[in-house]
file data27.csv (CSV, C-alpha atoms)
chain,number,residue,atom,x,y,z
D,1,MET,CA,22.2,4.3,4.2
D,2,GLU,CA,18.8,3.4,2.9
D,3,GLN,CA,16.3,6.1,2.8
D,4,ILE,CA,13.2,5.8,4.8
D,5,GLU,CA,10.2,5.4,2.6
D,6,THR,CA,7.6,8.1,3.2
D,7,VAL,CA,3.9,7.6,2.6
D,8,GLY,CA,3.8,10.6,0.4
D,9,ASP,CA,5.2,14.1,-0.3
D,10,ILE,CA,3.3,17.1,1.1
D,11,ILE,CA,2.9,19.5,-1.7
D,12,ALA,CA,1.1,22.3,0.2
D,13,ALA,CA,-1.5,23.1,2.8
D,14,VAL,CA,-4.7,25.0,2.0
D,15,THR,CA,-6.3,26.5,5.0
D,16,ILE,CA,-8.8,29.0,6.3
D,17,ASP,CA,-7.0,29.1,9.6
D,18,ARG,CA,-3.6,30.7,9.1
D,19,GLU,CA,-2.5,29.9,12.6
D,20,SER,CA,-2.9,26.1,12.2
D,21,VAL,CA,-0.1,25.6,9.6
D,22,ALA,CA,3.6,26.2,9.9
D,23,GLY,CA,6.6,25.2,7.9
D,24,LEU,CA,4.7,24.3,4.7
D,25,PRO,CA,3.9,26.1,1.5
D,26,THR,CA,0.5,27.4,2.5
D,27,ILE,CA,-2.4,28.9,0.6
D,28,VAL,CA,-4.8,30.8,2.8
D,29,ALA,CA,-8.4,30.7,1.5
D,30,ARG,CA,-11.1,33.2,2.4
D,31,ASP,CA,-13.8,30.6,3.2
D,32,GLU,CA,-14.5,26.9,3.0
D,33,LYS,CA,-15.9,27.2,-0.5
D,34,GLU,CA,-12.7,28.8,-1.8
D,35,ARG,CA,-10.6,26.3,0.2
D,36,GLU,CA,-12.5,23.4,-1.5
D,37,ARG,CA,-12.0,24.9,-4.9
D,38,ILE,CA,-8.3,25.7,-4.5
D,39,ALA,CA,-7.6,22.2,-3.0
D,40,ASN,CA,-9.4,20.7,-6.0
D,41,TYR,CA,-7.2,22.7,-8.4
D,42,MET,CA,-4.1,21.8,-6.5
D,43,ALA,CA,-4.9,18.1,-6.5
D,44,ARG,CA,-5.4,18.1,-10.3
D,45,ILE,CA,-2.3,20.2,-11.0
D,46,PHE,CA,0.0,18.0,-8.9
D,47,GLN,CA,-1.9,14.7,-9.4
D,48,ALA,CA,-2.2,14.6,-5.7
D,49,VAL,CA,-4.7,13.7,-3.0
D,50,VAL,CA,-6.5,16.2,-0.7
D,51,HIS,CA,-6.5,15.1,2.9
D,52,ASP,CA,-8.7,16.9,5.4
D,53,LEU,CA,-7.2,17.4,8.9
D,54,GLU,CA,-10.7,18.7,10.0
D,55,ASN,CA,-9.2,21.7,11.7
D,56,GLY,CA,-9.7,24.0,8.8
D,57,THR,CA,-6.7,22.8,6.9
D,58,TYR,CA,-6.3,20.6,3.8
D,59,LEU,CA,-3.1,18.9,3.0
D,60,ILE,CA,-2.2,18.3,-0.7
D,61,VAL,CA,-0.2,15.1,-0.7
D,62,ARG,CA,1.3,13.2,-3.6
D,63,HIS,CA,1.3,9.4,-2.8
X,1,MET,CA,15.8,-50.2,-37.6
X,2,VAL,CA,17.3,-48.6,-34.5
X,3,PRO,CA,18.1,-45.2,-36.1
X,4,GLU,CA,14.4,-44.6,-37.0
X,5,LEU,CA,13.0,-45.0,-33.6
X,6,PRO,CA,14.6,-42.1,-31.8
X,7,TRP,CA,13.3,-39.7,-34.4
X,8,MET,CA,9.8,-40.8,-33.8
X,9,ALA,CA,10.3,-40.5,-30.0
X,10,VAL,CA,11.8,-37.0,-30.4
X,11,PHE,CA,9.0,-35.9,-32.8
X,12,LEU,CA,6.3,-37.1,-30.4
X,13,GLY,CA,8.0,-35.5,-27.5
X,14,VAL,CA,8.2,-32.1,-29.2
X,15,VAL,CA,4.6,-32.2,-30.3
X,16,ALA,CA,3.4,-33.2,-26.9
X,17,GLY,CA,5.5,-30.5,-25.2
X,18,THR,CA,4.4,-27.8,-27.6
X,19,VAL,CA,0.8,-28.7,-27.1
X,20,ALA,CA,1.3,-28.5,-23.3
X,21,ARG,CA,2.9,-25.0,-23.7
X,22,LEU,CA,0.0,-23.9,-25.8
X,23,MET,CA,-2.5,-25.1,-23.2
X,24,LEU,CA,-0.6,-23.4,-20.4
X,25,LEU,CA,-0.6,-20.2,-22.4
X,26,ARG,CA,-4.4,-20.3,-22.5
X,27,VAL,CA,-4.6,-20.8,-18.8
X,28,ASP,CA,-2.8,-17.5,-18.0
X,29,TYR,CA,-5.4,-15.2,-19.6
X,30,ARG,CA,-6.3,-13.7,-16.2
X,31,GLN,CA,-2.7,-12.7,-15.5
X,32,TYR,CA,-1.8,-11.3,-18.9
X,33,PRO,CA,-3.6,-9.4,-21.5
X,34,THR,CA,-2.9,-11.1,-24.7
X,35,TYR,CA,-0.5,-9.8,-27.2
X,36,PRO,CA,0.9,-11.8,-30.1
X,37,GLU,CA,4.6,-11.1,-29.5
X,38,ALA,CA,4.5,-12.6,-26.1
X,39,TYR,CA,2.6,-15.6,-27.3
X,40,LEU,CA,5.2,-16.2,-30.0
X,41,SER,CA,8.2,-15.8,-27.8
X,42,HIS,CA,6.8,-18.0,-25.0
X,43,LEU,CA,5.8,-20.6,-27.6
X,44,ALA,CA,9.3,-20.5,-29.2
X,45,ILE,CA,10.9,-21.0,-25.8
X,46,GLY,CA,8.4,-23.8,-25.1
X,47,VAL,CA,9.3,-25.6,-28.3
X,48,LEU,CA,13.0,-25.4,-27.4
X,49,ALA,CA,12.1,-26.8,-23.9
X,50,ALA,CA,10.1,-29.6,-25.6
X,51,PHE,CA,12.9,-30.4,-28.0
X,52,THR,CA,15.5,-30.6,-25.2
X,53,GLY,CA,13.2,-32.8,-23.1
X,54,ALA,CA,12.4,-35.0,-26.0
X,55,ALA,CA,16.0,-35.4,-27.1
X,56,VAL,CA,17.5,-36.3,-23.7
X,57,LEU,CA,16.7,-40.0,-23.5
X,58,PRO,CA,17.4,-40.9,-27.1
X,59,ALA,CA,20.7,-39.1,-26.8
X,60,LEU,CA,21.6,-40.9,-23.6
X,61,GLN,CA,20.7,-44.2,-25.2
X,62,GLU,CA,23.3,-43.4,-27.9
X,63,HIS,CA,25.8,-42.8,-25.0
X,64,GLN,CA,25.8,-39.0,-25.8
X,65,TRP,CA,26.4,-37.9,-22.2
X,66,THR,CA,26.8,-34.3,-23.3
X,67,ALA,CA,23.0,-34.3,-23.4
X,68,ALA,CA,23.0,-33.8,-19.7
X,69,THR,CA,25.0,-30.6,-19.9
X,70,PHE,CA,22.5,-29.2,-22.4
X,71,LEU,CA,19.8,-29.7,-19.8
X,72,VAL,CA,21.8,-27.5,-17.5
X,73,LEU,CA,22.0,-24.8,-20.2
X,74,VAL,CA,18.3,-24.9,-20.9
X,75,GLY,CA,17.6,-24.6,-17.2
X,76,GLN,CA,19.5,-21.4,-17.2
X,77,GLN,CA,17.4,-20.2,-20.2
X,78,PHE,CA,14.3,-20.7,-18.1
X,79,THR,CA,15.7,-18.6,-15.3
X,80,GLY,CA,16.2,-16.1,-18.0
X,81,VAL,CA,12.5,-16.3,-18.8
X,82,ARG,CA,11.7,-15.4,-15.2
X,83,ASP,CA,14.1,-12.4,-15.3
X,84,MET,CA,12.6,-11.2,-18.6
X,85,GLU,CA,9.0,-11.4,-17.3
X,86,ARG,CA,10.0,-9.7,-14.1
X,87,ARG,CA,11.8,-6.9,-15.8
X,88,TYR,CA,9.0,-6.3,-18.3
X,89,LEU,CA,6.2,-6.4,-15.7
X,90,SER,CA,8.0,-4.2,-13.2
X,91,ARG,CA,8.6,-1.6,-15.9
X,92,ILE,CA,5.0,-1.7,-16.9
X,93,ASP,CA,3.9,-1.5,-13.3
X,94,ARG,CA,5.1,2.1,-13.1
X,95,VAL,CA,2.6,3.2,-15.6
X,96,GLU,CA,-0.3,1.1,-14.3
X,97,LEU,CA,-3.2,3.0,-12.7
X,98,VAL,CA,-3.5,0.2,-10.2
X,99,PRO,CA,-0.2,-1.5,-10.0
X,100,ARG,CA,0.2,-5.3,-9.6
X,101,GLY,CA,2.9,-4.9,-7.0
X,102,PRO,CA,6.2,-6.7,-6.7
X,103,ALA,CA,4.7,-9.8,-5.0
X,104,TYR,CA,2.3,-10.4,-7.8
X,105,ILE,CA,4.9,-9.8,-10.5
X,106,GLU,CA,7.3,-12.2,-8.8
X,107,GLY,CA,4.6,-14.9,-8.7
X,108,MET,CA,3.8,-14.4,-12.4
X,109,ALA,CA,7.5,-14.5,-13.4
X,110,ARG,CA,8.0,-17.8,-11.5
X,111,ALA,CA,4.9,-19.3,-13.1
X,112,PHE,CA,6.3,-18.5,-16.5
X,113,GLU,CA,9.5,-20.2,-15.6
X,114,ALA,CA,7.9,-23.2,-14.1
X,115,ARG,CA,5.7,-23.8,-17.1
X,116,ASN,CA,8.7,-24.6,-19.2
X,117,TYR,CA,9.7,-27.3,-16.7
X,118,VAL,CA,6.3,-28.8,-17.1
X,119,VAL,CA,6.7,-28.7,-20.9
X,120,MET,CA,10.1,-30.4,-20.6
X,121,ALA,CA,8.8,-33.1,-18.3
X,122,VAL,CA,5.9,-33.8,-20.8
X,123,ALA,CA,8.3,-34.0,-23.7
X,124,LEU,CA,10.8,-36.1,-21.8
X,125,LEU,CA,8.2,-38.6,-20.6
X,126,THR,CA,6.5,-38.8,-24.0
X,127,SER,CA,9.7,-39.5,-25.9
X,128,GLY,CA,10.9,-41.9,-23.2
X,129,VAL,CA,7.7,-44.0,-23.4
X,130,ALA,CA,7.9,-43.9,-27.2
X,131,LEU,CA,11.5,-45.0,-27.1
X,132,PHE,CA,11.0,-48.0,-24.8
X,133,SER,CA,7.5,-49.1,-25.6
X,134,HIS,CA,7.5,-48.3,-29.4
X,135,ASN,CA,3.9,-47.4,-29.0
X,136,PRO,CA,3.1,-43.7,-30.0
X,137,LEU,CA,-0.4,-43.8,-28.4
X,138,LEU,CA,0.9,-45.0,-25.1
X,139,ALA,CA,3.6,-42.3,-25.3
X,140,LEU,CA,1.1,-39.5,-25.8
X,141,LEU,CA,-1.0,-40.8,-23.0
X,142,GLY,CA,1.9,-40.7,-20.7
X,143,GLY,CA,2.8,-37.2,-21.7
X,144,ALA,CA,-0.8,-36.1,-21.2
X,145,ALA,CA,-0.8,-37.6,-17.7
X,146,VAL,CA,2.3,-35.6,-16.8
X,147,GLY,CA,0.7,-32.5,-18.3
X,148,VAL,CA,-2.4,-32.9,-16.3
X,149,LEU,CA,-0.3,-33.4,-13.1
X,150,GLY,CA,1.6,-30.2,-14.0
X,151,PHE,CA,-1.7,-28.3,-14.5
X,152,VAL,CA,-3.1,-29.5,-11.2
X,153,VAL,CA,0.1,-28.8,-9.2
X,154,MET,CA,0.5,-25.3,-10.7
X,155,ARG,CA,-3.1,-24.3,-10.4
X,156,GLY,CA,-2.5,-23.1,-6.8
X,157,LYS,CA,-5.0,-21.8,-4.3
X,158,THR,CA,-7.1,-18.7,-4.6
X,159,VAL,CA,-8.3,-16.1,-2.0
X,160,GLY,CA,-11.7,-17.8,-2.1
X,161,ASP,CA,-10.1,-21.0,-0.7
X,162,ILE,CA,-8.9,-19.3,2.5
X,163,ALA,CA,-11.5,-16.5,3.2
X,164,ARG,CA,-15.2,-15.9,3.3
X,165,VAL,CA,-15.8,-13.0,1.0
X,166,ARG,CA,-18.9,-10.9,1.5
X,167,PRO,CA,-20.2,-7.4,0.7
X,168,GLY,CA,-19.6,-4.7,3.3
X,169,ARG,CA,-20.8,-1.2,4.1
X,170,LEU,CA,-18.8,1.8,3.1
X,171,GLU,CA,-19.3,5.0,5.1
X,172,PHE,CA,-17.6,8.2,6.0
X,173,ASN,CA,-16.6,9.3,9.5
X,174,GLY,CA,-15.9,12.9,8.8
X,175,SER,CA,-13.4,12.7,6.0
X,176,LEU,CA,-12.3,9.2,6.8
X,177,LEU,CA,-13.4,6.4,4.5
X,178,GLU,CA,-14.4,3.4,6.6
X,179,ILE,CA,-15.7,-0.1,6.1
X,180,GLU,CA,-17.1,-1.6,9.3
X,181,GLY,CA,-15.0,0.6,11.5
X,182,VAL,CA,-11.7,0.1,9.6
X,183,VAL,CA,-10.2,3.3,8.2
X,184,LEU,CA,-9.0,3.0,4.6
X,185,MET,CA,-8.0,6.6,3.9
X,186,ASP,CA,-8.7,10.3,4.4
X,187,VAL,CA,-10.7,11.8,1.5
X,188,GLY,CA,-10.5,15.5,1.8
X,189,LEU,CA,-12.6,16.7,-1.1
X,190,ARG,CA,-16.3,16.8,-0.8
X,191,ASP,CA,-16.7,15.8,-4.5
X,192,ALA,CA,-14.5,12.8,-4.0
X,193,ARG,CA,-16.5,11.7,-1.0
X,194,GLU,CA,-19.7,12.1,-3.0
X,195,LYS,CA,-18.2,9.8,-5.7
X,196,TRP,CA,-17.3,7.2,-3.2
X,197,ARG,CA,-20.7,7.3,-1.6
X,198,GLU,CA,-22.4,6.9,-5.0
X,199,ARG,CA,-20.2,4.4,-6.7
X,200,GLY,CA,-17.9,2.9,-4.1
X,201,LEU,CA,-18.1,-0.9,-3.4
X,202,ALA,CA,-17.1,-2.5,-0.2
X,203,VAL,CA,-15.9,-6.1,0.3
X,204,VAL,CA,-15.1,-7.8,3.6
X,205,LEU,CA,-12.8,-10.9,3.7
X,206,GLU,CA,-13.0,-13.1,6.8
X,207,PRO,CA,-10.0,-15.5,6.9
X,208,ILE,CA,-11.0,-19.1,7.8
X,209,ASP,CA,-8.0,-19.7,10.1
X,210,GLU,CA,-4.7,-18.3,11.4
X,211,ASN,CA,-2.8,-19.3,8.2
X,212,ALA,CA,-5.4,-17.4,6.1
X,213,ARG,CA,-5.3,-14.4,8.4
X,214,ASP,CA,-1.5,-14.0,8.1
X,215,THR,CA,-1.6,-14.6,4.4
X,216,LEU,CA,-4.2,-11.9,3.8
X,217,ALA,CA,-2.2,-9.6,6.0
X,218,SER,CA,0.5,-9.4,3.3
X,219,PRO,CA,0.3,-6.0,1.5
X,220,GLY,CA,1.4,-7.8,-1.7
X,221,GLN,CA,-1.6,-10.2,-1.6
X,222,ARG,CA,-4.0,-7.3,-1.0
X,223,GLN,CA,-2.5,-5.3,-3.9
X,224,ALA,CA,-3.0,-8.4,-6.1
X,225,MET,CA,-6.7,-8.5,-5.3
X,226,VAL,CA,-7.1,-4.8,-5.9
X,227,HIS,CA,-5.2,-5.0,-9.2
X,228,ASP,CA,-7.3,-7.9,-10.4
X,229,ALA,CA,-10.5,-6.1,-9.5
X,230,ALA,CA,-9.4,-3.0,-11.5
X,231,ALA,CA,-8.0,-5.0,-14.4
X,232,ILE,CA,-11.1,-7.1,-14.8
X,233,LEU,CA,-14.0,-4.8,-13.8
X,234,GLY,CA,-12.5,-1.6,-15.2
X,235,VAL,CA,-10.5,1.1,-13.5
X,236,TYR,CA,-12.5,4.2,-12.6
X,237,ILE,CA,-9.5,6.4,-11.8
X,238,ASP,CA,-7.1,8.4,-13.9
X,239,VAL,CA,-3.6,9.6,-13.1
X,240,ASP,CA,-4.9,12.9,-11.7
X,241,THR,CA,-7.5,11.4,-9.4
X,242,PRO,CA,-5.5,9.3,-7.0
X,243,GLU,CA,-8.2,9.7,-4.3
X,244,LEU,CA,-10.3,7.2,-6.2
X,245,THR,CA,-7.7,4.5,-6.0
X,246,PRO,CA,-9.1,1.1,-4.9
X,247,LEU,CA,-7.4,-0.2,-1.8
X,248,ALA,CA,-7.5,-2.9,0.9
X,249,ARG,CA,-6.8,-2.5,4.6
X,250,ARG,CA,-6.7,-4.8,7.6
X,251,ASP,CA,-8.9,-4.9,10.6
X,252,LEU,CA,-6.3,-5.3,13.3
X,253,ARG,CA,-8.8,-6.6,15.8
X,254,SER,CA,-10.1,-9.5,13.8
X,255,GLY,CA,-7.6,-10.0,11.0
X,256,ASN,CA,-10.3,-9.3,8.5
X,257,VAL,CA,-9.4,-7.5,5.3
X,258,VAL,CA,-11.7,-4.8,3.9
X,259,LEU,CA,-11.5,-3.6,0.3
X,260,ALA,CA,-13.0,-0.5,-1.2
X,261,ALA,CA,-13.1,0.0,-5.0
X,262,MET,CA,-14.6,2.3,-7.5
X,263,LEU,CA,-15.0,0.5,-10.8
X,264,MET,CA,-16.4,1.0,-14.2
X,265,GLU,CA,-18.8,-1.9,-13.5
X,266,PRO,CA,-20.2,-1.1,-10.1
X,267,ASP,CA,-21.7,-4.5,-9.5
X,268,ILE,CA,-20.9,-6.2,-6.2
X,269,GLY,CA,-21.4,-9.7,-7.5
X,270,PRO,CA,-18.6,-9.8,-10.1
X,271,LEU,CA,-16.3,-8.0,-7.6
X,272,LEU,CA,-16.8,-10.7,-5.0
X,273,GLU,CA,-16.1,-13.3,-7.7
X,274,VAL,CA,-12.9,-11.5,-8.8
X,275,VAL,CA,-11.6,-11.2,-5.3
X,276,LYS,CA,-12.3,-14.9,-4.6
X,277,ARG,CA,-10.5,-15.9,-7.8
X,278,THR,CA,-7.3,-13.9,-7.1
X,279,PRO,CA,-4.4,-16.3,-6.9
X,280,LEU,CA,-2.6,-16.7,-3.6
X,281,LEU,CA,0.9,-15.5,-4.0
X,282,GLU,CA,3.9,-17.6,-3.1
X,283,ALA,CA,5.5,-14.5,-1.5
X,284,SER,CA,2.4,-14.0,0.7
X,285,VAL,CA,1.5,-17.4,1.9
X,286,ARG,CA,2.1,-17.9,5.7
X,287,ARG,CA,1.5,-21.0,7.7
X,288,PRO,CA,1.9,-20.3,11.4
X,289,ASN,CA,-0.3,-23.3,12.1
X,290,SER,CA,2.3,-25.7,10.8
X,291,VAL,CA,4.7,-25.0,13.7
X,292,ARG,CA,4.1,-25.7,17.3
X,293,PRO,CA,4.3,-22.1,18.8
X,294,GLY,CA,1.9,-21.0,16.1
X,295,ARG,CA,-0.6,-23.7,17.0
X,296,ARG,CA,-0.3,-23.0,20.6
X,297,ALA,CA,-0.8,-19.3,20.1
X,298,ALA,CA,-4.0,-20.0,18.1
X,299,ASP,CA,-5.8,-21.7,21.0

call {"tool": "encode", "arguments": {"input": "data27.csv", "output": "structure tokens"}}
result
Amino acid sequence: MEQIETVGDIIAAVTIDRESVAGLPTIVARDEKERERIANYMARIFQAVVHDLENGTYLIVRH
Amino acid sequence: MVPELPWMAVFLGVVAGTVARLMLLRVDYRQYPTYPEAYLSHLAIGVLAAFTGAAVLPALQEHQWTAATFLVLVGQQFTGVRDMERRYLSRIDRVELVPRGPAYIEGMARAFEARNYVVMAVALLTSGVALFSHNPLLALLGGAAVGVLGFVVMRGKTVGDIARVRPGRLEFNGSLLEIEGVVLMDVGLRDAREKWRERGLAVVLEPIDENARDTLASPGQRQAMVHDAAAILGVYIDVDTPELTPLARRDLRSGNVVLAAMLMEPDIGPLLEVVKRTPLLEASVRRPNSVRPGRRAAD
């Protein structure tokens, strides 16, 4: 069977709200500044894009 | 006296065909960055095409019916040219920062194939006229006429023919990158949003009719515009900054297409020009207006 093409692979979540993420590799940041920095590093490391769910969580997605 | 004439006809045909191939090579500068090997191999195949075309009528005149089978063989070679270009371009596409996309590649491969048929037609007509009129000048004129016809037919339409292309306004709604209310993507990083605000260009395409609307809807056609923009005005992204990728999305309400791009040359004028000049792809062109239900739906 043909595999369904996904828009991208979720590498990880970076969040300041531990409660809002489940089932993903998650990095919990202390504050927004740290979250921004970690997300930036992750994006560069994995050549991925940072998406903001605007609930305190960033998703690192490789497209 | 008879044995001399076919040689003249064949010679003229080959020359005319080769010249036609050379001119067609010049026309495709937008599609292909130049490199000598490709020029040489396409020219070589063009000369073969010209020779076959030029030799057909003289051979038939000598009752050499096998000439017809050679035409079939050469036709297969041209299909081979299409395969070769498709394979090459598809492979390259994987390491392009802004890929051409399969639709654009297929269109280019077909164009390369079709050019050889034009070359063959030019050579055939030139040698044919030379053979029967015994007038080299008339022969070359005939060849030139076919060549011009081929040029015109293969020029094809561009995006500018089917859409009004104008600058748009790029803004952020939270982390969503939008142009005139159409969401293009979610940009999470503050730095990336800042870059888009500083350097991002926005283009809006308004299709002129239903045919245009459905043609622009094709993701392949949109990718072609984005690729041309990046190829001609300079890509601003690198492999580790995919959030800066230029892209084009549809406005579902109107059928408009919006395009956002960050380029080395952040001038809106040239970007509009490049978008307008992007060729319409065979794989993308739709004509709902040429069938009755489509026309009725459009009222």

call {"tool": "interface_residues", "arguments": {"input": "data27.csv", "of": "chain X", "to": "chain D", "cutoff": "8 Å", "atoms": "all atoms listed in the file", "output": "list in words"}}
result
Gly174, Ser175, Asp186, Val187, Gly188, Leu189, Arg190, Val239, Asp240, Thr241, Pro242 and Glu243 of chain X

call {"tool": "closest_residue", "arguments": {"input": "data27.csv", "among": "X:Leu170, X:Leu40, X:Met264, X:Val95", "to": "Leu25 in chain X", "atoms": "only C-alpha atoms"}}
result
X:Leu40

call {"tool": "atom_distance", "arguments": {"input": "data27.csv", "atom1": "CA of Met23 in chain X", "atom2": "CA of Leu141 in chain X"}}
result
15.8 Å

call {"tool": "residues_around", "arguments": {"input": "data27.csv", "residues": "Val19 in chain X", "least_positions_apart": "4", "cutoff": "10 Å", "atoms": "all atoms listed in the file", "output": "ChimeraX atom specification"}}
result
/X:13-15,23-25,43,46-47,50,119,122-123,144,147

call {"tool": "atom_distance", "arguments": {"input": "data27.csv", "atom1": "CA of Val153 in chain X", "atom2": "CA of Thr215 in chain X"}}
result
19.7 Å

call {"tool": "atom_distance", "arguments": {"input": "data27.csv", "atom1": "CA of Val14 in chain D", "atom2": "CA of Pro99 in chain X"}}
result
29.4 Å
